[in-house]
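Since the structure comes first, as structure tokens, the remarks are kept for the end.
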Amino acid sequence: MELDGRVAVVTGGTRGVGAGIARAFLRAGARVVVCARRPPDAPLEEAGRQAEFRPLDLRDERAVRDFFAGVAEAYGRLDVLVNNAGGTPYRLLGEGDAERHARVLGLNLIAPLTATLAAHPHLRAARGSVVMIGSVSGARPSPGTAAYGAAKAGLENLARSMAVEWAPEVRVNTLVLGMVRTELSSLHYGDEDGVAAVARTVPLGRLAEPADVGEAAVFLASDRAAYVSGASLLVHGGGERPAFLDAATVNKQG
């Protein structure tokens, strides 16, 4: 098992992408702690192992420091932090004041920074790694989720700076996600017909599954990626077909 005996924390690991990551780490042999403000509907189990849930509000800096100290004390080490917690409602810039947009920035940029700073001394002792969960929204216009896109752009840059400052003891990388099918997909893409239509825009013909993200996170946390730091790994199914190709009246493929 690639991560046998190692200890991993997955923030926001109780559902969706986070749960997929937690299950992948369990399959890889890691001992997994997931945190969120609310517990999962059912225990997260995989390959005969179960993730431990610990409640945490990532906006509470003191609670975050106590959380990581507690994990390191209980398990004797901390090898991996996956900063997955995040998200945003759809809100055009003109439909919300600066404070509302700032809350999105706080959850998607400040909270991962807070968690990583608190985890750093424990990760350094174990020569561990950090995996940031980024988004293609950070590299393209994101109408309706502009603050989220800005936060994800900042997160990717933050990871690269951390990778330089904290080398060689701690590796820091980013998974840059495209569209993922989760239990909340309908909020972003609509009903099943909407999800299918969106999937057809992806070169690989489908949305990612949480397990796809989990396997990529395991890779970055494992010794197979021992020389990978400060990197951004695209997990987006080939990206998006450029709209101009379909709009143009020449060079059409039959």
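Just so we're on the same page: first chain in the structure tokens is A, next is B, and so on; residues restart at 1 for each chain, and ligands are numbered from 1 in the order they show up.
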Segment 9-226 of chain A: which residues are helix (DSSP H, G or I) by DSSP, as a ChimeraX atom specification?
/A:16-27,61-75,93-95,98-126,136-139,146-165,185-189,192-199,210-221,223-225
Find the residues around segment 81-89 of chain A up to 7 Å (only C-alpha atoms counted), leave out those fewer than 2 positions away in its own chain, and share them as an MDAnalysis selection string.
chainID A and resid 8:12 18 91 104 107:108 112 129:133 145 148
Only all heavy atoms, please: the residues just picked out, written as a short mmCIF file (atom, residue, chain, number, x, y, z; two decimals), in the first residue's frame.
data_model
loop_
_atom_site.label_atom_id
_atom_site.label_comp_id
_atom_site.auth_asym_id
_atom_site.auth_seq_id
_atom_site.Cartn_x
_atom_site.Cartn_y
_atom_site.Cartn_z
N ALA A 8 -3.24 11.10 7.26
CA ALA A 8 -3.69 12.17 6.36
C ALA A 8 -4.91 12.85 6.93
O ALA A 8 -5.81 12.20 7.47
CB ALA A 8 -4.02 11.60 4.98
N VAL A 9 -4.96 14.18 6.80
CA VAL A 9 -6.12 14.97 7.14
C VAL A 9 -6.73 15.50 5.85
O VAL A 9 -6.01 16.04 4.99
CB VAL A 9 -5.76 16.15 8.06
CG1 VAL A 9 -6.91 17.16 8.13
CG2 VAL A 9 -5.42 15.64 9.45
N VAL A 10 -8.04 15.34 5.69
CA VAL A 10 -8.76 15.87 4.54
C VAL A 10 -9.81 16.85 5.06
O VAL A 10 -10.76 16.45 5.74
CB VAL A 10 -9.45 14.76 3.72
CG1 VAL A 10 -10.15 15.36 2.50
CG2 VAL A 10 -8.44 13.70 3.30
N THR A 11 -9.63 18.13 4.76
CA THR A 11 -10.63 19.11 5.20
C THR A 11 -11.85 19.02 4.29
O THR A 11 -11.73 18.75 3.10
CB THR A 11 -10.06 20.54 5.19
OG1 THR A 11 -9.84 20.97 3.85
CG2 THR A 11 -8.76 20.62 5.98
N GLY A 12 -13.01 19.24 4.87
CA GLY A 12 -14.23 19.09 4.09
C GLY A 12 -14.37 17.69 3.53
O GLY A 12 -14.90 17.50 2.43
N GLY A 18 -14.34 15.65 -1.25
CA GLY A 18 -13.58 15.33 -0.04
C GLY A 18 -13.74 13.89 0.38
O GLY A 18 -12.76 13.23 0.78
N ARG A 91 -23.32 33.77 -7.61
CA ARG A 91 -23.69 35.15 -7.30
C ARG A 91 -22.90 36.09 -8.20
O ARG A 91 -21.67 36.14 -8.14
CB ARG A 91 -23.41 35.47 -5.83
CG ARG A 91 -23.79 36.90 -5.43
CD ARG A 91 -23.45 37.20 -3.98
NE ARG A 91 -24.27 36.42 -3.07
CZ ARG A 91 -23.80 35.56 -2.16
NH1 ARG A 91 -22.48 35.36 -2.08
NH2 ARG A 91 -24.61 34.90 -1.37
N VAL A 104 -16.39 34.34 0.62
CA VAL A 104 -15.97 33.31 -0.32
C VAL A 104 -14.44 33.23 -0.37
O VAL A 104 -13.86 32.14 -0.38
CB VAL A 104 -16.56 33.59 -1.72
CG1 VAL A 104 -16.01 32.59 -2.74
CG2 VAL A 104 -18.08 33.53 -1.67
N LEU A 107 -13.18 31.44 2.84
CA LEU A 107 -13.33 29.99 2.87
C LEU A 107 -12.36 29.30 1.93
O LEU A 107 -11.82 28.23 2.25
CB LEU A 107 -14.77 29.61 2.51
CG LEU A 107 -15.08 28.11 2.39
CD1 LEU A 107 -14.81 27.40 3.71
CD2 LEU A 107 -16.50 27.90 1.92
N ASN A 108 -12.13 29.89 0.76
CA ASN A 108 -11.38 29.20 -0.28
C ASN A 108 -9.90 29.57 -0.34
O ASN A 108 -9.14 28.89 -1.05
CB ASN A 108 -12.03 29.48 -1.64
CG ASN A 108 -13.39 28.83 -1.75
OD1 ASN A 108 -13.50 27.63 -1.99
ND2 ASN A 108 -14.44 29.61 -1.55
N PRO A 112 -7.59 27.60 3.86
CA PRO A 112 -6.48 26.70 3.56
C PRO A 112 -5.13 27.21 4.07
O PRO A 112 -4.28 26.42 4.52
CB PRO A 112 -6.48 26.61 2.03
CG PRO A 112 -7.87 26.94 1.64
CD PRO A 112 -8.35 27.96 2.64
N SER A 129 3.58 16.22 3.06
CA SER A 129 3.19 17.01 1.89
C SER A 129 1.81 17.60 2.07
O SER A 129 1.00 17.13 2.87
CB SER A 129 3.23 16.15 0.62
OG SER A 129 2.18 15.21 0.62
N VAL A 130 1.56 18.65 1.28
CA VAL A 130 0.27 19.34 1.24
C VAL A 130 -0.28 19.21 -0.17
O VAL A 130 0.46 19.38 -1.16
CB VAL A 130 0.41 20.83 1.60
CG1 VAL A 130 -0.93 21.54 1.51
CG2 VAL A 130 1.02 20.99 2.98
N VAL A 131 -1.57 18.90 -0.27
CA VAL A 131 -2.25 18.90 -1.56
C VAL A 131 -3.37 19.93 -1.49
O VAL A 131 -4.31 19.79 -0.70
CB VAL A 131 -2.83 17.51 -1.90
CG1 VAL A 131 -3.55 17.57 -3.25
CG2 VAL A 131 -1.73 16.46 -1.92
N MET A 132 -3.24 20.99 -2.27
CA MET A 132 -4.30 21.99 -2.39
C MET A 132 -5.30 21.54 -3.46
O MET A 132 -4.88 21.02 -4.51
CB MET A 132 -3.73 23.35 -2.79
CG MET A 132 -2.70 23.92 -1.87
SD MET A 132 -3.38 24.42 -0.27
CE MET A 132 -2.02 25.44 0.34
N ILE A 133 -6.57 21.73 -3.21
CA ILE A 133 -7.57 21.43 -4.22
C ILE A 133 -7.96 22.75 -4.90
O ILE A 133 -8.69 23.57 -4.36
CB ILE A 133 -8.81 20.74 -3.62
CG1 ILE A 133 -8.38 19.44 -2.93
CG2 ILE A 133 -9.83 20.46 -4.72
CD1 ILE A 133 -7.68 18.44 -3.84
N THR A 145 -19.13 33.31 -10.26
CA THR A 145 -18.30 32.80 -9.15
C THR A 145 -16.94 33.49 -9.18
O THR A 145 -15.90 32.86 -9.02
CB THR A 145 -18.12 31.27 -9.24
OG1 THR A 145 -17.54 30.93 -10.51
CG2 THR A 145 -19.45 30.54 -9.09
N TYR A 148 -14.70 33.21 -6.08
CA TYR A 148 -14.19 31.84 -5.98
C TYR A 148 -13.00 31.66 -6.93
O TYR A 148 -11.96 31.12 -6.54
CB TYR A 148 -15.31 30.87 -6.33
CG TYR A 148 -14.92 29.42 -6.37
CD1 TYR A 148 -14.80 28.66 -5.20
CD2 TYR A 148 -14.69 28.78 -7.59
CE1 TYR A 148 -14.46 27.32 -5.26
CE2 TYR A 148 -14.35 27.44 -7.65
CZ TYR A 148 -14.24 26.71 -6.48
OH TYR A 148 -13.90 25.37 -6.53
#
Could you give me, as an MDAnalysis selection string, the residues within 9 Å of Arg54 of chain A, counting only C-alpha atoms and dropping anything in the same chain fewer than 3 positions from it?
chainID A and resid 33:39 67
How about saving the chosen residues, C-alpha atoms kept, as a compact mmCIF listing (two decimals), in the first residue's frame?
# COMPACT_ATOMS: atom_id res chain seq x y z
CA VAL A 33 -8.98 12.07 9.66
CA VAL A 34 -11.73 14.13 8.03
CA CYS A 35 -12.97 17.42 9.40
CA ALA A 36 -15.96 19.63 8.74
CA ARG A 37 -18.46 21.60 10.76
CA ARG A 38 -20.98 18.74 10.59
CA PRO A 39 -20.42 14.98 10.68
CA PHE A 67 -7.13 20.41 15.89
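Between atom CA of Val213 of chain A and atom CA of Arg181 of chain A lies a distance of 10.9 Å.
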Excluding Asn157 of chain A and residues on its chain fewer than 6 positions from it, collect all residues at most 12 Å away from it, counting only C-alpha atoms, and give them as a count of residues only.
17
Name all residues at most 12 Å from Val195 of chain A (count only C-alpha atoms; drop same-chain ones fewer than 3 positions away) and give them as a VMD selection string.
chain A and resid 179 to 192 198 to 202 205 to 208
Separating atom CA of Leu58 of chain A from atom CA of Ala102 of chain A, to the nearest tenth of an Å, is a gap of 15.1 Å
Extract, using only C-alpha atoms, all DNA, RNA and protein residues at most 9 Å from Thr114 of chain A, discarding same-chain residues fewer than 2 positions from it, and format them as a ChimeraX atom specification.
/A:58-61,64-65,109-112,116-119
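Here atom CA of Glu73 of chain A and atom CA of Gly48 of chain A stand 24.0 Å from one another.
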Assign secondary structure with DSSP using the backbone only, and return the residues of segment 19-90 of chain A in strand (DSSP E) as a VMD selection string.
chain A and resid 31 to 36 45 to 46 49 to 50 52 to 55 80 to 83
Write the selection just made, keeping C-alpha atoms, as a PDB file, in the first residue's frame?
ATOM      1  CA  ARG A  31      -5.014   6.483   8.500  1.00  0.00           C
ATOM      2  CA  VAL A  32      -7.438   9.267   7.637  1.00  0.00           C
ATOM      3  CA  VAL A  33      -8.984  12.074   9.661  1.00  0.00           C
ATOM      4  CA  VAL A  34     -11.726  14.130   8.028  1.00  0.00           C
ATOM      5  CA  CYS A  35     -12.965  17.423   9.398  1.00  0.00           C
ATOM      6  CA  ALA A  36     -15.965  19.628   8.741  1.00  0.00           C
ATOM      7  CA  GLU A  45     -15.308   3.422   5.125  1.00  0.00           C
ATOM      8  CA  GLU A  46     -13.184   1.791   2.446  1.00  0.00           C
ATOM      9  CA  ARG A  49     -10.810   0.939   7.164  1.00  0.00           C
ATOM     10  CA  GLN A  50     -12.761   3.852   8.556  1.00  0.00           C
ATOM     11  CA  GLU A  52     -12.147   9.363  11.890  1.00  0.00           C
ATOM     12  CA  PHE A  53     -14.346  12.449  11.913  1.00  0.00           C
ATOM     13  CA  ARG A  54     -13.393  15.464  14.026  1.00  0.00           C
ATOM     14  CA  PRO A  55     -15.529  18.616  13.958  1.00  0.00           C
ATOM     15  CA  VAL A  80      -0.474  14.681   4.516  1.00  0.00           C
ATOM     16  CA  LEU A  81      -2.858  17.621   4.527  1.00  0.00           C
ATOM     17  CA  VAL A  82      -5.430  17.849   1.741  1.00  0.00           C
ATOM     18  CA  ASN A  83      -7.025  21.299   1.690  1.00  0.00           C
TER      19      ASN A  83
END
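Restricting the calculation to only C-alpha atoms, the smallest distance between Asp79 of chain A and any of A:Pro210, A:Pro242, A:Gly5, A:Gly29 is found for A:Gly5.
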